[in-house]
>>> print(open('run20.txt').read())   # compact mmCIF, C-alpha atoms
# COMPACT_ATOMS: atom_id res chain seq x y z
CA MET A 98 34.32 -20.20 -29.54
CA SER A 99 32.69 -16.93 -30.48
CA ARG A 100 30.31 -14.97 -28.32
CA SER A 101 27.22 -13.49 -29.89
CA ARG A 102 27.30 -9.72 -30.18
CA PRO A 103 25.61 -7.96 -27.26
CA GLU A 104 22.30 -6.29 -28.09
CA PRO A 105 22.43 -2.55 -28.81
CA ILE A 106 21.76 -0.45 -25.69
CA GLN A 107 18.59 1.10 -27.15
CA VAL A 108 17.04 -2.33 -27.70
CA VAL A 109 17.80 -3.43 -24.16
CA LYS A 110 16.53 -0.21 -22.56
CA GLN A 111 13.43 -0.05 -24.72
CA ARG A 112 12.46 -3.63 -23.87
CA ARG A 113 12.97 -3.21 -20.12
CA ASP A 114 11.29 0.20 -19.88
CA ALA A 115 8.32 -0.92 -22.00
CA ALA A 116 7.82 -4.00 -19.82
CA LEU A 117 8.07 -1.97 -16.59
CA ASN A 118 5.68 0.70 -17.91
CA ALA A 119 3.18 -1.98 -18.91
CA LEU A 120 3.26 -3.47 -15.41
CA VAL A 121 2.93 -0.12 -13.62
CA ASP A 122 0.47 1.61 -15.97
CA SER A 123 -1.97 -1.28 -15.80
CA ILE A 124 -2.74 -0.62 -12.12
CA PRO A 125 -5.23 2.24 -11.56
CA TYR A 126 -4.34 2.62 -7.87
CA ILE A 127 -0.66 3.29 -8.69
CA ARG A 128 -1.75 6.06 -11.04
CA PHE A 129 -4.19 7.41 -8.45
CA LEU A 130 -1.44 7.71 -5.82
CA ASP A 131 1.01 8.92 -8.50
CA VAL A 132 3.78 6.45 -7.76
CA THR A 133 6.44 6.21 -10.47
CA PHE A 134 9.45 3.91 -10.83
CA ASP A 135 13.08 4.64 -11.68
CA ARG A 136 15.04 1.74 -13.14
CA ARG A 137 18.80 1.10 -13.10
CA GLY A 138 19.33 -2.29 -14.69
CA ASP A 139 17.01 -4.49 -12.69
CA GLU A 140 17.03 -2.24 -9.61
CA LEU A 141 13.86 -0.25 -9.00
CA THR A 142 13.31 2.87 -6.90
CA ALA A 143 9.72 3.92 -6.34
CA GLN A 144 8.81 7.57 -6.04
CA LEU A 145 5.67 8.93 -4.38
CA ASN A 146 5.06 12.23 -6.16
CA PHE A 147 3.62 14.44 -3.46
CA ALA A 148 0.12 15.89 -3.88
CA ASP A 149 -2.22 17.58 -1.38
CA LYS A 150 -4.54 14.58 -1.55
CA HIS A 151 -1.85 12.53 0.27
CA ILE A 152 -2.23 14.60 3.44
CA GLY A 153 -3.50 12.81 6.54
CA ASN A 154 -2.94 15.44 9.21
CA PRO A 155 -3.65 18.90 7.79
CA LEU A 156 -2.41 20.63 10.94
CA LEU A 157 1.20 19.42 10.73
CA PRO A 158 0.84 18.77 7.72
CA ALA A 159 1.90 15.13 7.25
CA ILE A 160 1.38 12.37 4.71
CA HIS A 161 -1.48 9.99 5.65
CA GLY A 162 -0.26 6.78 7.29
CA GLY A 163 -2.40 4.88 4.83
CA VAL A 164 -0.64 6.54 1.89
CA THR A 165 2.71 5.54 3.40
CA ALA A 166 1.48 1.96 3.86
CA ALA A 167 0.12 1.84 0.32
CA PHE A 168 3.32 3.30 -1.11
CA LEU A 169 5.43 0.64 0.64
CA GLU A 170 3.11 -2.15 -0.43
CA ILE A 171 3.05 -0.98 -4.05
CA THR A 172 6.86 -0.85 -4.00
CA ALA A 173 6.99 -4.37 -2.58
CA VAL A 174 4.51 -5.92 -5.04
CA VAL A 175 5.90 -4.22 -8.14
CA SER A 176 9.52 -4.98 -7.19
CA LEU A 177 8.67 -8.60 -6.44
CA ASN A 178 6.68 -8.99 -9.66
CA TRP A 179 9.49 -7.31 -11.63
CA ALA A 180 12.12 -9.67 -10.21
CA HIS A 181 9.82 -12.63 -10.81
CA LEU A 182 9.26 -11.71 -14.48
CA TRP A 183 12.77 -10.43 -15.24
CA GLU A 184 14.07 -13.64 -16.85
CA ARG A 185 11.02 -13.96 -19.07
CA ILE A 186 11.23 -10.31 -20.14
CA GLU A 187 14.94 -10.66 -20.97
CA SER A 188 14.49 -13.92 -22.87
CA GLY A 189 11.62 -12.48 -24.92
CA ALA A 190 9.12 -15.00 -23.53
CA LEU A 191 7.10 -12.00 -22.40
CA ASP A 192 6.46 -9.41 -25.09
CA PRO A 193 6.24 -5.83 -23.73
CA GLU A 194 3.82 -4.90 -26.53
CA GLU A 195 1.44 -7.67 -25.53
CA MET A 196 1.88 -6.66 -21.86
CA ALA A 197 0.93 -3.07 -22.72
CA LYS A 198 -2.31 -4.41 -24.26
CA GLY A 199 -3.20 -5.86 -20.87
CA ASN A 200 -2.00 -9.43 -21.42
CA LEU A 201 -0.20 -9.52 -18.10
CA PRO A 202 0.84 -12.43 -15.92
CA ARG A 203 -0.93 -12.62 -12.53
CA GLN A 204 0.60 -10.49 -9.77
CA PRO A 205 1.82 -11.82 -6.42
CA LYS A 206 -0.91 -11.56 -3.75
CA THR A 207 -0.26 -9.88 -0.41
CA ILE A 208 -0.70 -12.27 2.51
CA ASP A 209 0.25 -9.79 5.21
CA PHE A 210 2.05 -6.49 5.44
CA THR A 211 3.47 -4.64 8.45
CA VAL A 212 4.49 -0.99 8.46
CA ASP A 213 6.75 0.76 10.99
CA TYR A 214 6.18 4.49 11.06
CA LEU A 215 9.55 5.94 12.03
CA ARG A 216 8.99 9.66 11.38
CA SER A 217 6.08 11.69 10.14
CA GLY A 218 5.95 11.89 6.35
CA LEU A 219 6.72 15.44 5.25
CA PRO A 220 4.66 17.09 2.50
CA ARG A 221 7.16 16.33 -0.25
CA ASP A 222 8.22 13.43 -2.50
CA ALA A 223 9.19 10.10 -0.93
CA TYR A 224 11.32 7.25 -2.25
CA ALA A 225 11.36 3.53 -1.53
CA ARG A 226 13.30 0.43 -2.42
CA ALA A 227 12.41 -3.18 -1.78
CA THR A 228 14.70 -6.07 -0.89
CA ILE A 229 13.45 -9.53 -1.68
CA SER A 230 14.60 -11.52 1.34
CA ARG A 231 13.31 -14.78 -0.05
CA ALA A 232 11.64 -15.63 -3.33
CA GLY A 233 10.24 -19.12 -3.09
CA ARG A 234 8.04 -20.93 -5.58
CA ARG A 235 4.91 -20.29 -3.49
CA TYR A 236 5.83 -17.68 -0.91
CA ALA A 237 8.06 -14.61 -0.88
CA SER A 238 9.27 -12.29 1.90
CA VAL A 239 9.95 -8.68 1.01
CA HIS A 240 11.36 -5.79 3.05
CA VAL A 241 10.86 -2.16 1.98
CA GLU A 242 12.55 1.02 3.15
CA ALA A 243 11.26 4.54 2.46
CA TRP A 244 12.95 7.90 2.89
CA GLN A 245 12.49 11.52 1.93
CA ASP A 246 15.45 13.89 2.33
CA HIS A 247 18.09 11.52 3.65
CA LYS A 248 18.47 7.94 2.57
CA SER A 249 19.95 7.14 5.99
CA LYS A 250 16.92 8.57 7.83
CA LEU A 251 14.04 6.30 6.89
CA PHE A 252 10.56 7.67 7.57
CA ALA A 253 8.96 4.25 7.24
CA GLN A 254 9.84 0.63 6.67
CA GLY A 255 7.66 -2.32 5.91
CA SER A 256 7.80 -6.03 5.47
CA GLY A 257 5.36 -8.48 4.06
CA HIS A 258 4.66 -11.95 2.78
CA PHE A 259 3.32 -12.68 -0.67
CA LEU A 260 1.74 -15.63 -2.43
CA MET A 261 3.37 -16.14 -5.83
CA PRO A 262 1.20 -16.78 -8.90
CA GLN A 263 1.22 -20.45 -9.89
CA ALA A 264 1.50 -21.77 -13.42
CA ALA A 265 -2.10 -22.96 -13.19
CA ASP A 266 -3.34 -19.42 -12.39
CA LYS A 267 -4.82 -18.30 -15.66
CA PRO A 268 -5.47 -14.61 -16.23
CA SER A 269 -9.21 -14.04 -15.78
CA MET B 47 -18.64 12.05 24.77
CA ALA B 48 -20.85 13.89 22.27
CA ASP B 49 -18.24 16.63 21.89
CA LYS B 50 -15.52 14.11 21.18
CA THR B 51 -17.69 12.25 18.67
CA ASN B 52 -18.32 15.50 16.86
CA LEU B 53 -14.65 16.34 16.99
CA ALA B 54 -13.73 12.96 15.52
CA ARG B 55 -16.30 13.42 12.74
CA GLN B 56 -14.93 16.85 11.94
CA PHE B 57 -11.40 15.55 12.04
CA ILE B 58 -12.07 12.76 9.55
CA LYS B 59 -13.84 15.21 7.24
CA ALA B 60 -10.74 17.40 7.45
CA ILE B 61 -8.39 14.60 6.34
CA PRO B 62 -7.74 15.23 2.64
CA HIS B 63 -6.78 11.61 1.92
CA ALA B 64 -9.84 10.18 3.69
CA LYS B 65 -12.03 12.50 1.62
CA GLU B 66 -10.17 11.53 -1.55
CA LEU B 67 -10.90 7.84 -0.91
CA GLY B 68 -14.58 8.60 -0.25
CA MET B 69 -14.49 7.37 3.38
CA ILE B 70 -17.70 7.73 5.39
CA LEU B 71 -17.74 7.67 9.19
CA GLU B 72 -20.61 5.34 10.06
CA GLU B 73 -20.31 4.97 13.83
CA ILE B 74 -18.02 6.30 16.50
CA GLY B 75 -17.74 6.28 20.28
CA ASP B 76 -15.95 4.84 23.32
CA GLY B 77 -12.93 3.55 21.48
CA THR B 78 -14.77 2.03 18.52
CA ALA B 79 -15.08 3.43 15.01
CA VAL B 80 -16.77 2.16 11.86
CA ILE B 81 -15.75 3.66 8.51
CA SER B 82 -16.87 2.60 5.05
CA MET B 83 -15.27 3.12 1.65
CA PRO B 84 -17.40 2.69 -1.50
CA TYR B 85 -15.97 0.78 -4.45
CA ASP B 86 -14.21 3.05 -6.93
CA ALA B 87 -12.43 2.11 -10.17
CA LYS B 88 -9.49 4.37 -9.33
CA LEU B 89 -8.66 2.14 -6.34
CA ILE B 90 -8.25 -1.05 -8.41
CA GLY B 91 -5.03 -2.94 -7.73
CA ASP B 92 -5.62 -5.92 -10.02
CA PRO B 93 -6.86 -4.75 -13.43
CA GLN B 94 -7.75 -8.29 -14.54
CA SER B 95 -10.21 -8.91 -11.72
CA GLY B 96 -11.14 -5.35 -10.71
CA VAL B 97 -10.16 -6.06 -7.09
CA ILE B 98 -9.35 -3.05 -4.86
CA ALA B 99 -5.63 -2.54 -4.07
CA GLY B 100 -4.38 -3.76 -0.69
CA GLY B 101 -2.97 -0.28 -0.14
CA ALA B 102 -6.43 1.31 -0.28
CA VAL B 103 -7.63 -1.17 2.35
CA SER B 104 -4.55 -0.25 4.44
CA ALA B 105 -5.46 3.45 4.23
CA LEU B 106 -9.01 2.66 5.35
CA MET B 107 -7.74 0.48 8.24
CA ASP B 108 -5.24 3.12 9.35
CA THR B 109 -7.85 5.90 9.37
CA CYS B 110 -10.37 3.75 11.23
CA CYS B 111 -7.83 2.66 13.87
CA GLY B 112 -6.79 6.30 14.41
CA ALA B 113 -10.43 7.32 14.83
CA ALA B 114 -10.97 4.53 17.37
CA VAL B 115 -8.01 5.82 19.43
CA MET B 116 -9.20 9.43 19.32
CA CYS B 117 -12.68 8.60 20.55
CA HIS B 118 -11.44 6.44 23.46
CA PRO B 119 -12.56 8.02 26.76
CA ASP B 120 -8.96 7.99 28.06
CA ALA B 121 -7.40 9.57 24.95
CA PRO B 122 -6.60 13.24 25.56
CA GLY B 123 -6.16 14.24 21.92
CA GLY B 124 -4.68 13.20 18.61
CA THR B 125 -2.76 10.11 17.59
CA ALA B 126 -0.24 8.83 15.06
CA THR B 127 0.46 5.31 13.87
CA ILE B 128 3.51 3.58 15.39
CA ASP B 129 2.98 0.30 13.58
CA LEU B 130 0.19 -1.43 11.73
CA ARG B 131 0.01 -5.02 10.53
CA ILE B 132 -2.62 -6.11 8.06
CA ASP B 133 -3.55 -9.69 7.18
CA TYR B 134 -5.30 -10.06 3.85
CA MET B 135 -7.63 -13.03 4.18
CA ARG B 136 -9.36 -12.85 0.82
CA VAL B 137 -9.92 -10.42 -2.04
CA ALA B 138 -12.80 -7.98 -1.61
CA THR B 139 -15.60 -8.62 -4.10
CA PRO B 140 -15.37 -6.01 -6.90
CA GLY B 141 -18.20 -3.48 -6.80
CA GLN B 142 -18.87 -3.81 -3.08
CA THR B 143 -18.32 -1.22 -0.33
CA ILE B 144 -15.63 -2.11 2.21
CA THR B 145 -16.50 -1.42 5.85
CA THR B 146 -13.97 -1.42 8.67
CA ARG B 147 -14.65 -1.65 12.39
CA ALA B 148 -11.76 -0.73 14.71
CA THR B 149 -11.57 -1.11 18.47
CA CYS B 150 -9.04 0.50 20.76
CA HIS B 151 -8.88 -2.36 23.27
CA HIS B 152 -6.17 -0.99 25.54
CA ILE B 153 -4.69 2.42 26.18
CA THR B 154 -1.86 3.68 28.40
CA ARG B 155 -0.57 7.24 28.85
CA SER B 156 1.70 6.72 25.83
CA VAL B 157 0.36 3.94 23.65
CA ALA B 158 -3.00 2.81 22.30
CA PHE B 159 -3.52 -0.75 21.04
CA VAL B 160 -6.03 -1.27 18.27
CA ARG B 161 -7.59 -4.16 16.36
CA ALA B 162 -9.68 -3.83 13.23
CA VAL B 163 -11.57 -5.97 10.78
CA ALA B 164 -12.60 -5.12 7.20
CA MET B 165 -15.59 -6.65 5.46
CA ASP B 166 -17.45 -6.31 2.19
CA GLU B 167 -21.18 -7.15 1.87
CA ASP B 168 -20.50 -10.74 2.98
CA THR B 169 -20.02 -9.94 6.65
CA ASP B 170 -19.41 -13.58 7.61
CA ARG B 171 -16.04 -13.71 5.87
CA PRO B 172 -13.67 -10.86 6.75
CA VAL B 173 -11.60 -9.40 3.90
CA ALA B 174 -8.75 -8.33 6.19
CA THR B 175 -7.82 -7.84 9.82
CA ALA B 176 -5.38 -5.37 11.32
CA SER B 177 -3.62 -4.82 14.60
CA GLY B 178 -1.55 -1.82 15.49
CA ALA B 179 -0.01 0.46 18.08
CA PHE B 180 -0.69 4.20 18.07
CA THR B 181 0.76 7.16 19.95
CA VAL B 182 -1.29 8.98 22.57
CA GLU B 183 -0.85 12.73 22.10
CA ALA B 184 -1.74 15.43 24.61
CA GLY B 185 -3.41 17.69 22.05
CA PHE B 186 -4.36 17.78 18.40
>>> encode(input="run20.txt", output="structure tokens")
Amino acid sequence: MSRSRPEPIQVVKQRRDAALNALVDSIPYIRFLDVTFDRRGDELTAQLNFADKHIGNPLLPAIHGGVTAAFLEITAVVSLNWAHLWERIESGALDPEEMAKGNLPRQPKTIDFTVDYLRSGLPRDAYARATISRAGRRYASVHVEAWQDHKSKLFAQGSGHFLMPQAADKPS
Amino acid sequence: MADKTNLARQFIKAIPHAKELGMILEEIGDGTAVISMPYDAKLIGDPQSGVIAGGAVSALMDTCCGAAVMCHPDAPGGTATIDLRIDYMRVATPGQTITTRATCHHITRSVAFVRAVAMDEDTDRPVATASGAFTVEAGF
């Protein structure tokens, strides 16, 4: 029995990066906050690229709690959506070129989201990774951790529940 | 109280991120704050429907809850969020201003407890609710 030849690395990377870029670039609020994503295989790390407009307390200064919450939620939704679509991106059922034109599947919807503020957010870049605790057909639970200088010293963590898009949900 | 109200107004104006999101302080006093945020295309979270991102609503809720703590008669100064939970009941109607009302319903020497509700123009059906705990700081 012969195995089919693995795809060339460029093809694999191009497909995955194009699909991820299409998902992220389509959302104005992600661009507004300047959150970018690093990909290693299917693992995503979100990066909040610091800007003065993120400041909440100008006296300290510290990142606005709302920016931290938004950053965690964006990380959770994009990571969950990415994991949800991964199989279809890999199989070719979803075409990154079509996705880039705005033909995107519906995103998961946030049901609730809780943020723990562990330390004040320093005026510099922040990073976050999401763990999908459970991905059900209708509901998903996601945990997110965010850090700045030290991965072991989180400045915030969040967890939330999401409603997964159903097959009947047509893009509007 | 008038001094504190003024202080809170000044403080919100001085928050770069609140300014960036176009937040307007509508009412403040005695542990209650009302802040509105006009619809803006840059805040869209779902490009297909034009619905505002949950994160932008979180930022509005967080700011409003903080303002409610600061204007509580028993709060000596500033505050920081310890935790905030937001329940998203429905999507906000695209094009409409979102208004949040936060109430600091209990305060101790160390912790302030806050509840908030966010609405669009249909004030009968809340868009989101929040509840959180905030620090009580001696100064600003």
>>> atom_distance(input="run20.txt", atom1="atom CA of Val137 of chain B", atom2="atom CA of Ala162 of chain B")
16.6 Å
>>> interface_residues(input="run20.txt", of="chain A", to="chain B", cutoff="7 Å", atoms="all atoms listed in the file", output="PDB file with C-alpha atoms, keeping the file's coordinate frame")
ATOM      1  CA  SER A 123      -1.970  -1.280 -15.800  1.00  0.00           C
ATOM      2  CA  ILE A 124      -2.740  -0.620 -12.120  1.00  0.00           C
ATOM      3  CA  PRO A 125      -5.230   2.240 -11.560  1.00  0.00           C
ATOM      4  CA  TYR A 126      -4.340   2.620  -7.870  1.00  0.00           C
ATOM      5  CA  PHE A 129      -4.190   7.410  -8.450  1.00  0.00           C
ATOM      6  CA  LYS A 150      -4.540  14.580  -1.550  1.00  0.00           C
ATOM      7  CA  HIS A 151      -1.850  12.530   0.270  1.00  0.00           C
ATOM      8  CA  ILE A 152      -2.230  14.600   3.440  1.00  0.00           C
ATOM      9  CA  GLY A 153      -3.500  12.810   6.540  1.00  0.00           C
ATOM     10  CA  ASN A 154      -2.940  15.440   9.210  1.00  0.00           C
ATOM     11  CA  PRO A 155      -3.650  18.900   7.790  1.00  0.00           C
ATOM     12  CA  HIS A 161      -1.480   9.990   5.650  1.00  0.00           C
ATOM     13  CA  GLY A 162      -0.260   6.780   7.290  1.00  0.00           C
ATOM     14  CA  GLY A 163      -2.400   4.880   4.830  1.00  0.00           C
ATOM     15  CA  VAL A 164      -0.640   6.540   1.890  1.00  0.00           C
ATOM     16  CA  ALA A 166       1.480   1.960   3.860  1.00  0.00           C
ATOM     17  CA  ALA A 167       0.120   1.840   0.320  1.00  0.00           C
ATOM     18  CA  GLU A 170       3.110  -2.150  -0.430  1.00  0.00           C
ATOM     19  CA  THR A 207      -0.260  -9.880  -0.410  1.00  0.00           C
ATOM     20  CA  ILE A 208      -0.700 -12.270   2.510  1.00  0.00           C
ATOM     21  CA  ASP A 209       0.250  -9.790   5.210  1.00  0.00           C
ATOM     22  CA  PHE A 210       2.050  -6.490   5.440  1.00  0.00           C
ATOM     23  CA  THR A 211       3.470  -4.640   8.450  1.00  0.00           C
ATOM     24  CA  VAL A 212       4.490  -0.990   8.460  1.00  0.00           C
ATOM     25  CA  ASP A 213       6.750   0.760  10.990  1.00  0.00           C
ATOM     26  CA  TYR A 214       6.180   4.490  11.060  1.00  0.00           C
ATOM     27  CA  PRO A 268      -5.470 -14.610 -16.230  1.00  0.00           C
ATOM     28  CA  SER A 269      -9.210 -14.040 -15.780  1.00  0.00           C
TER      29      SER A 269
END
>>> closest_residue(input="run20.txt", among="A:Thr165, A:Lys206, A:Ser176, A:Phe134", to="Asp122 of chain A", atoms="all atoms listed in the file")
A:Phe134
>>> atom_distance(input="run20.txt", atom1="atom CA of Val174 of chain A", atom2="atom CA of Pro220 of chain A")
24.2 Å
>>> atom_distance(input="run20.txt", atom1="atom CA of Ala232 of chain A", atom2="atom CA of Asn178 of chain A")
10.4 Å
>>> axis_aligned_box(input="run20.txt", around="segment 102-107 of chain B", padding_each_side="8 Å", output="lines of an AutoDock Vina configuration file")
center_x = -6.8
center_y = 1.1
center_z = 4.0
size_x = 20.5
size_y = 20.6
size_z = 24.5
>>> closest_residue(input="run20.txt", among="B:Thr143, B:Gly68, B:Ala113, B:Gly77", to="Val173 of chain B", atoms="all atoms listed in the file")
B:Thr143
>>> closest_residue(input="run20.txt", among="A:Gln107, A:Thr142, A:Gln263, A:Asn118", to="Gln204 of chain A", atoms="only C-alpha atoms")
A:Gln263
>>> closest_residue(input="run20.txt", among="A:Ile171, A:Ser188, A:Phe147, A:Pro158", to="Arg112 of chain A", atoms="all atoms listed in the file")
A:Ser188
>>> closest_residue(input="run20.txt", among="A:Asp222, A:Glu184, A:Asp114, A:Asp246", to="Ala143 of chain A", atoms="all atoms listed in the file")
A:Asp222
>>> decode(input="run20.txt", residues="segment 155-211 of chain A", atoms="C-alpha atoms", output="PDB file, in the first residue's frame")
ATOM      1  CA  PRO A 155      -3.026  57.691  32.035  1.00  0.00           C
ATOM      2  CA  LEU A 156      -1.503  58.258  35.476  1.00  0.00           C
ATOM      3  CA  LEU A 157       0.030  54.790  35.864  1.00  0.00           C
ATOM      4  CA  PRO A 158      -0.154  54.326  32.801  1.00  0.00           C
ATOM      5  CA  ALA A 159      -2.028  51.042  32.305  1.00  0.00           C
ATOM      6  CA  ILE A 160      -3.951  49.309  29.528  1.00  0.00           C
ATOM      7  CA  HIS A 161      -7.731  49.862  29.759  1.00  0.00           C
ATOM      8  CA  GLY A 162      -9.564  46.951  31.381  1.00  0.00           C
ATOM      9  CA  GLY A 163     -11.931  46.981  28.434  1.00  0.00           C
ATOM     10  CA  VAL A 164      -9.041  46.549  26.000  1.00  0.00           C
ATOM     11  CA  THR A 165      -7.834  43.579  28.040  1.00  0.00           C
ATOM     12  CA  ALA A 166     -11.337  42.083  28.022  1.00  0.00           C
ATOM     13  CA  ALA A 167     -11.699  42.667  24.294  1.00  0.00           C
ATOM     14  CA  PHE A 168      -8.268  41.194  23.586  1.00  0.00           C
ATOM     15  CA  LEU A 169      -9.136  38.014  25.525  1.00  0.00           C
ATOM     16  CA  GLU A 170     -12.511  37.711  23.856  1.00  0.00           C
ATOM     17  CA  ILE A 171     -11.059  38.204  20.376  1.00  0.00           C
ATOM     18  CA  THR A 172      -8.461  35.523  21.151  1.00  0.00           C
ATOM     19  CA  ALA A 173     -11.203  33.171  22.332  1.00  0.00           C
ATOM     20  CA  VAL A 174     -13.533  33.698  19.352  1.00  0.00           C
ATOM     21  CA  VAL A 175     -10.830  33.546  16.681  1.00  0.00           C
ATOM     22  CA  SER A 176      -9.162  30.483  18.244  1.00  0.00           C
ATOM     23  CA  LEU A 177     -12.503  28.710  18.577  1.00  0.00           C
ATOM     24  CA  ASN A 178     -13.531  29.593  15.022  1.00  0.00           C
ATOM     25  CA  TRP A 179     -10.108  28.506  13.737  1.00  0.00           C
ATOM     26  CA  ALA A 180     -10.343  25.125  15.470  1.00  0.00           C
ATOM     27  CA  HIS A 181     -13.918  24.729  14.249  1.00  0.00           C
ATOM     28  CA  LEU A 182     -12.972  25.418  10.612  1.00  0.00           C
ATOM     29  CA  TRP A 183      -9.588  23.660  10.609  1.00  0.00           C
ATOM     30  CA  GLU A 184     -10.792  20.384   9.061  1.00  0.00           C
ATOM     31  CA  ARG A 185     -12.646  22.180   6.287  1.00  0.00           C
ATOM     32  CA  ILE A 186      -9.649  24.407   5.530  1.00  0.00           C
ATOM     33  CA  GLU A 187      -7.316  21.389   5.391  1.00  0.00           C
ATOM     34  CA  SER A 188      -9.652  19.322   3.222  1.00  0.00           C
ATOM     35  CA  GLY A 189     -10.134  22.192   0.774  1.00  0.00           C
ATOM     36  CA  ALA A 190     -13.871  22.432   1.496  1.00  0.00           C
ATOM     37  CA  LEU A 191     -13.205  26.052   2.426  1.00  0.00           C
ATOM     38  CA  ASP A 192     -11.259  28.022  -0.167  1.00  0.00           C
ATOM     39  CA  PRO A 193      -9.027  30.745   1.364  1.00  0.00           C
ATOM     40  CA  GLU A 194      -9.451  32.875  -1.766  1.00  0.00           C
ATOM     41  CA  GLU A 195     -13.224  32.813  -1.418  1.00  0.00           C
ATOM     42  CA  MET A 196     -12.844  33.525   2.322  1.00  0.00           C
ATOM     43  CA  ALA A 197     -10.697  36.577   1.540  1.00  0.00           C
ATOM     44  CA  LYS A 198     -13.538  37.878  -0.672  1.00  0.00           C
ATOM     45  CA  GLY A 199     -15.776  37.864   2.388  1.00  0.00           C
ATOM     46  CA  ASN A 200     -17.503  34.510   1.835  1.00  0.00           C
ATOM     47  CA  LEU A 201     -16.968  33.451   5.429  1.00  0.00           C
ATOM     48  CA  PRO A 202     -18.798  30.924   7.567  1.00  0.00           C
ATOM     49  CA  ARG A 203     -20.697  32.397  10.541  1.00  0.00           C
ATOM     50  CA  GLN A 204     -18.616  32.999  13.678  1.00  0.00           C
ATOM     51  CA  PRO A 205     -19.374  31.517  17.093  1.00  0.00           C
ATOM     52  CA  LYS A 206     -21.458  33.929  19.213  1.00  0.00           C
ATOM     53  CA  THR A 207     -20.391  34.908  22.722  1.00  0.00           C
ATOM     54  CA  ILE A 208     -22.939  33.877  25.345  1.00  0.00           C
ATOM     55  CA  ASP A 209     -20.974  35.124  28.335  1.00  0.00           C
ATOM     56  CA  PHE A 210     -17.415  36.082  29.117  1.00  0.00           C
ATOM     57  CA  THR A 211     -15.658  36.581  32.458  1.00  0.00           C
TER      58      THR A 211
END
